[in-house]
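Participant: Quick one: this structure, given as structure tokens, is what I'll be asking you about.
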Amino acid sequence: TVTSLPRAVLLLWLLLCSGVVTEGLEPITTTIAVGMAATLTALLANYRNIYFQFYECCRPEWIAFNATGKRACLKVDLDRKLYGQHIASRIILKAVNGFMNNGNPKKPLVLSLHGWTGTGKNFISKLIAENIYKEGMESGFVHFFTSTLHFPHSSQLVNYKSQLQQWIKGNVTNCERSMFIFDEMDKMHPGLIDCIKPYLDYYDKLDGVSYRKAIFILSNAGADSIAKTTLDFWKAGENRDDIELKDLETALSLSVFNNIQSGFYRTSLIDKNLVDFFVPLLPLEYKHVVQCAMTEMVARGLEPNWPVAEELAKDLLYFPKSEKIFAVTGCKTIESRLDYYI
């Protein structure tokens, strides 16, 4: 087996180098043995590189940022797969690109994604992972936490804090380019996320571990202020593409900071300015849902069918009730609902 090979080679190499095998051999035989030792030395030196080609490890073969290029890359993925999110696309590309190309960042990258269901929060995390890690979301260096699954009981808050700190420290010790995704921040017990504050701060090292090259993504459902601003633009006859980050960021950070039911309630992460970007995801309109349906057909190897995509989009629920502008579930249910229409 692959794991037993180096043990056998190492034992033979030690015997040859120690002289145990070569004692009493004829000169020509000894020469051959010495040659074998040199060959085995080279084999051992190359084994690590060979091993790392097949087993994921914290090396460039497995972790390398793909920002731009002819093949699929983060920019192409954001442009072609993320619909109706011009603000988020721009922020994510610049933030991740700048961070990954900085050989000596001062702190970890911390992104807080905000938007209604189906607007693309988890999809953005997936795109980032796929363009950094060879294994994408399946990488052993990408860690996904869901509040209702991993931290369900408020009575266990102290234990959760201790476990979370140990988990982050252990994984960053193993690989400095680790990524941590916290989903359902809006359902997290207030105070829990504060336990990771030291790892997000401007420290060179904590207990001998540097966290400066890690990425933390905090995902939040619900964004009344985002929906309100987007609707106001629509009512004023303005293009949603004219909405800028400055129109949303301040109100957004304050709303989650003051929401007693949010995991961000009075958190030191916001108070100490440790969140690098609050990324707003706008509610999706009918045309965006149609685009999602078309993309799903292509992903399944089907011929894109615009009438089918429109029929699917028309059957979804939209809000506000009077205007019916934004899809309640965004693109979240497209994959499962498409089976009914094809």
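So you can find residues: chains in the structure tokens are A, B, ... in the order shown, residues in each start at 1, and ligands are numbered from 1 in order.
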Report as a PyMOL selection string all protein, DNA and RNA residues lying within 8 Å of stretch 156-159 of chain A, evaluated on only C-alpha atoms, omitting residues in the same chain fewer than 5 positions from it.
Facilitator: chain A and resi 151+189+192
Participant: Kindly export the residues of the current selection with N, CA and C atoms, as a PDB file, in the first residue's frame.
Facilitator:
```
ATOM      1  N   PHE A 151     -25.197  24.344  17.472  1.00  0.00           N
ATOM      2  CA  PHE A 151     -25.338  25.074  18.740  1.00  0.00           C
ATOM      3  C   PHE A 151     -26.815  25.237  19.101  1.00  0.00           C
ATOM      4  N   HIS A 189     -27.243  31.868  19.326  1.00  0.00           N
ATOM      5  CA  HIS A 189     -27.466  32.455  20.646  1.00  0.00           C
ATOM      6  C   HIS A 189     -26.570  33.678  20.819  1.00  0.00           C
ATOM      7  N   LEU A 192     -22.473  33.993  21.723  1.00  0.00           N
ATOM      8  CA  LEU A 192     -21.640  32.852  21.333  1.00  0.00           C
ATOM      9  C   LEU A 192     -20.525  33.263  20.370  1.00  0.00           C
TER      10      LEU A 192
END
```
Participant: Once DSSP has gone over the backbone, tell me which residues of stretch 229-313 of chain A are in helix (DSSP H, G or I), as a ChimeraX atom specification.
Facilitator: /A:229-235,240-242,245-247,249-257,268-271,286-299,306-313
Participant: Take atom CA of A:Cys58 and atom CA of A:Gly140 and report the distance between them in Å, one decimal.
Facilitator: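 Separating atom CA of A:Cys58 from atom CA of A:Gly140 is a distance of 9.5 Å.
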Participant: Tell me which of A:Val289, A:Ala88, A:Cys195, A:Tyr202 sits closest to A:Leu248, counting only C-alpha atoms.
Facilitator: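 Of the candidates, the smallest distance to A:Leu248 is held by A:Ala88.
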Participant: For the contact check between stretch 151-236 of chain A and stretch 113-127 of chain A, emit one row per residue of stretch 151-236 of chain A within 7 Å, containing the shortest atom pair and the distance in Å rounded to one decimal, counting only C-alpha atoms, chain then rising number order, as a Markdown table.
Facilitator:
```
| residue | atom | partner | partner_atom | distance |
| --- | --- | --- | --- | --- |
| A:Leu218 | CA | A:Leu113 | CA | 6.0 |
| A:Ser219 | CA | A:Leu113 | CA | 4.8 |
| A:Asn220 | CA | A:His114 | CA | 4.9 |
| A:Ala221 | CA | A:Trp116 | CA | 5.2 |
| A:Gly222 | CA | A:Trp116 | CA | 4.7 |
| A:Ala223 | CA | A:Gly115 | CA | 5.3 |
```
Participant: List every residue of stretch 76-187 of chain A that DSSP, applied to the backbone, labels as strand (DSSP E or B), and write the result as an MDAnalysis selection string.
Facilitator: chainID A and resid 109:115 133 142:146 179:183
Participant: For A:Phe65, which residue out of A:Ile92, A:Met100, A:Leu312, A:Ile215 is the nearest one, using only C-alpha atoms?
Facilitator: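 When distances to A:Phe65 are compared using only C-alpha atoms, the smallest one comes from A:Met100.
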Participant: With only C-alpha atoms as the counted atoms, please give the residues lying no more than 10 Å from stretch 161-169 of chain A, apart from itself and same-chain residues fewer than 5 positions off, as an MDAnalysis selection string.
Facilitator: chainID A and resid 143 145 150:151 156 174:176 178:180 191:199 206:207 209:211 214
Participant: Store the residues picked out above, limited to N, CA, C and O atoms, as a compact mmCIF listing (two decimals), in the first residue's frame.
Facilitator:
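For reference, part23.txt as written:
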```
# COMPACT_ATOMS: atom_id res chain seq x y z
N HIS A 143 -14.74 24.54 6.91
CA HIS A 143 -15.54 24.09 8.06
C HIS A 143 -16.86 24.86 8.10
O HIS A 143 -16.87 26.08 8.16
N PHE A 145 -20.55 25.54 9.85
CA PHE A 145 -21.34 25.45 11.08
C PHE A 145 -22.75 26.00 10.83
O PHE A 145 -22.90 27.07 10.24
N HIS A 150 -25.38 22.75 15.19
CA HIS A 150 -24.18 22.66 16.01
C HIS A 150 -24.29 23.36 17.37
O HIS A 150 -23.57 23.00 18.30
N PHE A 151 -25.20 24.34 17.47
CA PHE A 151 -25.34 25.07 18.74
C PHE A 151 -26.82 25.24 19.10
O PHE A 151 -27.32 26.36 19.24
N GLN A 156 -26.22 25.20 26.91
CA GLN A 156 -24.87 24.68 26.66
C GLN A 156 -23.92 25.75 26.12
O GLN A 156 -22.87 25.42 25.57
N ASN A 174 -3.46 23.28 12.11
CA ASN A 174 -3.24 22.29 11.07
C ASN A 174 -3.03 22.94 9.70
O ASN A 174 -2.22 22.47 8.91
N CYS A 175 -3.75 24.04 9.44
CA CYS A 175 -3.61 24.75 8.16
C CYS A 175 -4.00 26.21 8.34
O CYS A 175 -5.16 26.51 8.66
N GLU A 176 -3.06 27.10 8.10
CA GLU A 176 -3.32 28.52 8.30
C GLU A 176 -4.32 29.07 7.30
O GLU A 176 -4.96 30.09 7.53
N SER A 178 -7.27 28.00 6.54
CA SER A 178 -8.57 27.38 6.82
C SER A 178 -9.69 28.39 6.58
O SER A 178 -9.50 29.60 6.70
N MET A 179 -10.87 27.88 6.26
CA MET A 179 -12.04 28.73 6.09
C MET A 179 -13.17 28.23 6.97
O MET A 179 -13.45 27.03 7.01
N PHE A 180 -13.81 29.16 7.68
CA PHE A 180 -14.90 28.83 8.59
C PHE A 180 -16.16 29.56 8.16
O PHE A 180 -16.15 30.78 8.00
N GLY A 191 -24.04 36.26 22.02
CA GLY A 191 -22.87 36.10 22.88
C GLY A 191 -21.94 34.99 22.45
O GLY A 191 -20.75 35.02 22.76
N LEU A 192 -22.47 33.99 21.72
CA LEU A 192 -21.64 32.85 21.33
C LEU A 192 -20.52 33.26 20.37
O LEU A 192 -19.37 32.89 20.55
N ILE A 193 -20.86 34.05 19.36
CA ILE A 193 -19.87 34.40 18.35
C ILE A 193 -18.75 35.25 18.92
O ILE A 193 -17.64 35.29 18.36
N ASP A 194 -18.99 35.90 20.05
CA ASP A 194 -17.95 36.74 20.67
C ASP A 194 -16.74 35.92 21.09
O ASP A 194 -15.64 36.47 21.24
N CYS A 195 -16.92 34.62 21.29
CA CYS A 195 -15.81 33.79 21.75
C CYS A 195 -14.71 33.67 20.71
O CYS A 195 -13.57 33.34 21.04
N ILE A 196 -15.02 33.96 19.44
CA ILE A 196 -13.98 33.86 18.41
C ILE A 196 -13.32 35.21 18.14
O ILE A 196 -12.45 35.31 17.27
N LYS A 197 -13.73 36.23 18.88
CA LYS A 197 -13.20 37.58 18.68
C LYS A 197 -11.68 37.64 18.68
O LYS A 197 -11.08 38.29 17.80
N PRO A 198 -10.98 36.99 19.61
CA PRO A 198 -9.51 37.07 19.60
C PRO A 198 -8.88 36.58 18.30
O PRO A 198 -7.84 37.10 17.88
N TYR A 199 -9.52 35.59 17.65
CA TYR A 199 -8.95 35.02 16.43
C TYR A 199 -9.14 35.94 15.22
O TYR A 199 -8.50 35.75 14.19
N LEU A 206 -1.45 33.97 18.64
CA LEU A 206 -2.08 33.70 19.92
C LEU A 206 -1.67 32.30 20.34
O LEU A 206 -1.98 31.33 19.64
N ASP A 207 -0.97 32.21 21.45
CA ASP A 207 -0.45 30.91 21.92
C ASP A 207 0.32 30.20 20.82
O ASP A 207 0.19 28.97 20.62
N VAL A 209 0.00 30.46 17.59
CA VAL A 209 -0.75 30.19 16.36
C VAL A 209 -1.15 31.50 15.69
O VAL A 209 -1.69 32.40 16.34
N SER A 210 -0.89 31.61 14.40
CA SER A 210 -1.30 32.79 13.63
C SER A 210 -2.61 32.48 12.90
O SER A 210 -2.72 31.47 12.22
N TYR A 211 -3.57 33.39 13.05
CA TYR A 211 -4.88 33.22 12.41
C TYR A 211 -5.06 34.19 11.24
O TYR A 211 -6.14 34.26 10.66
N ALA A 214 -6.58 33.02 7.77
CA ALA A 214 -7.85 32.28 7.77
C ALA A 214 -8.97 33.18 7.22
O ALA A 214 -8.83 34.41 7.17
```
Participant: With a distance cut-off of 8 Å and only C-alpha atoms, select the neighbouring residues of A:Phe278, excluding the residue or stretch itself and same-chain residues fewer than 5 positions from it, and output the selection as a list of chain:residue names.
Facilitator: A:Leu111, A:Ser112, A:Leu113, A:His114, A:Glu249, A:Leu252, A:Ser253
Participant: Suppose you want the space between atom CA of A:Val96 and atom CA of A:Tyr133; what is it in Å?
Facilitator: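 Calculated distance between atom CA of A:Val96 and atom CA of A:Tyr133 is 13.1 Å.
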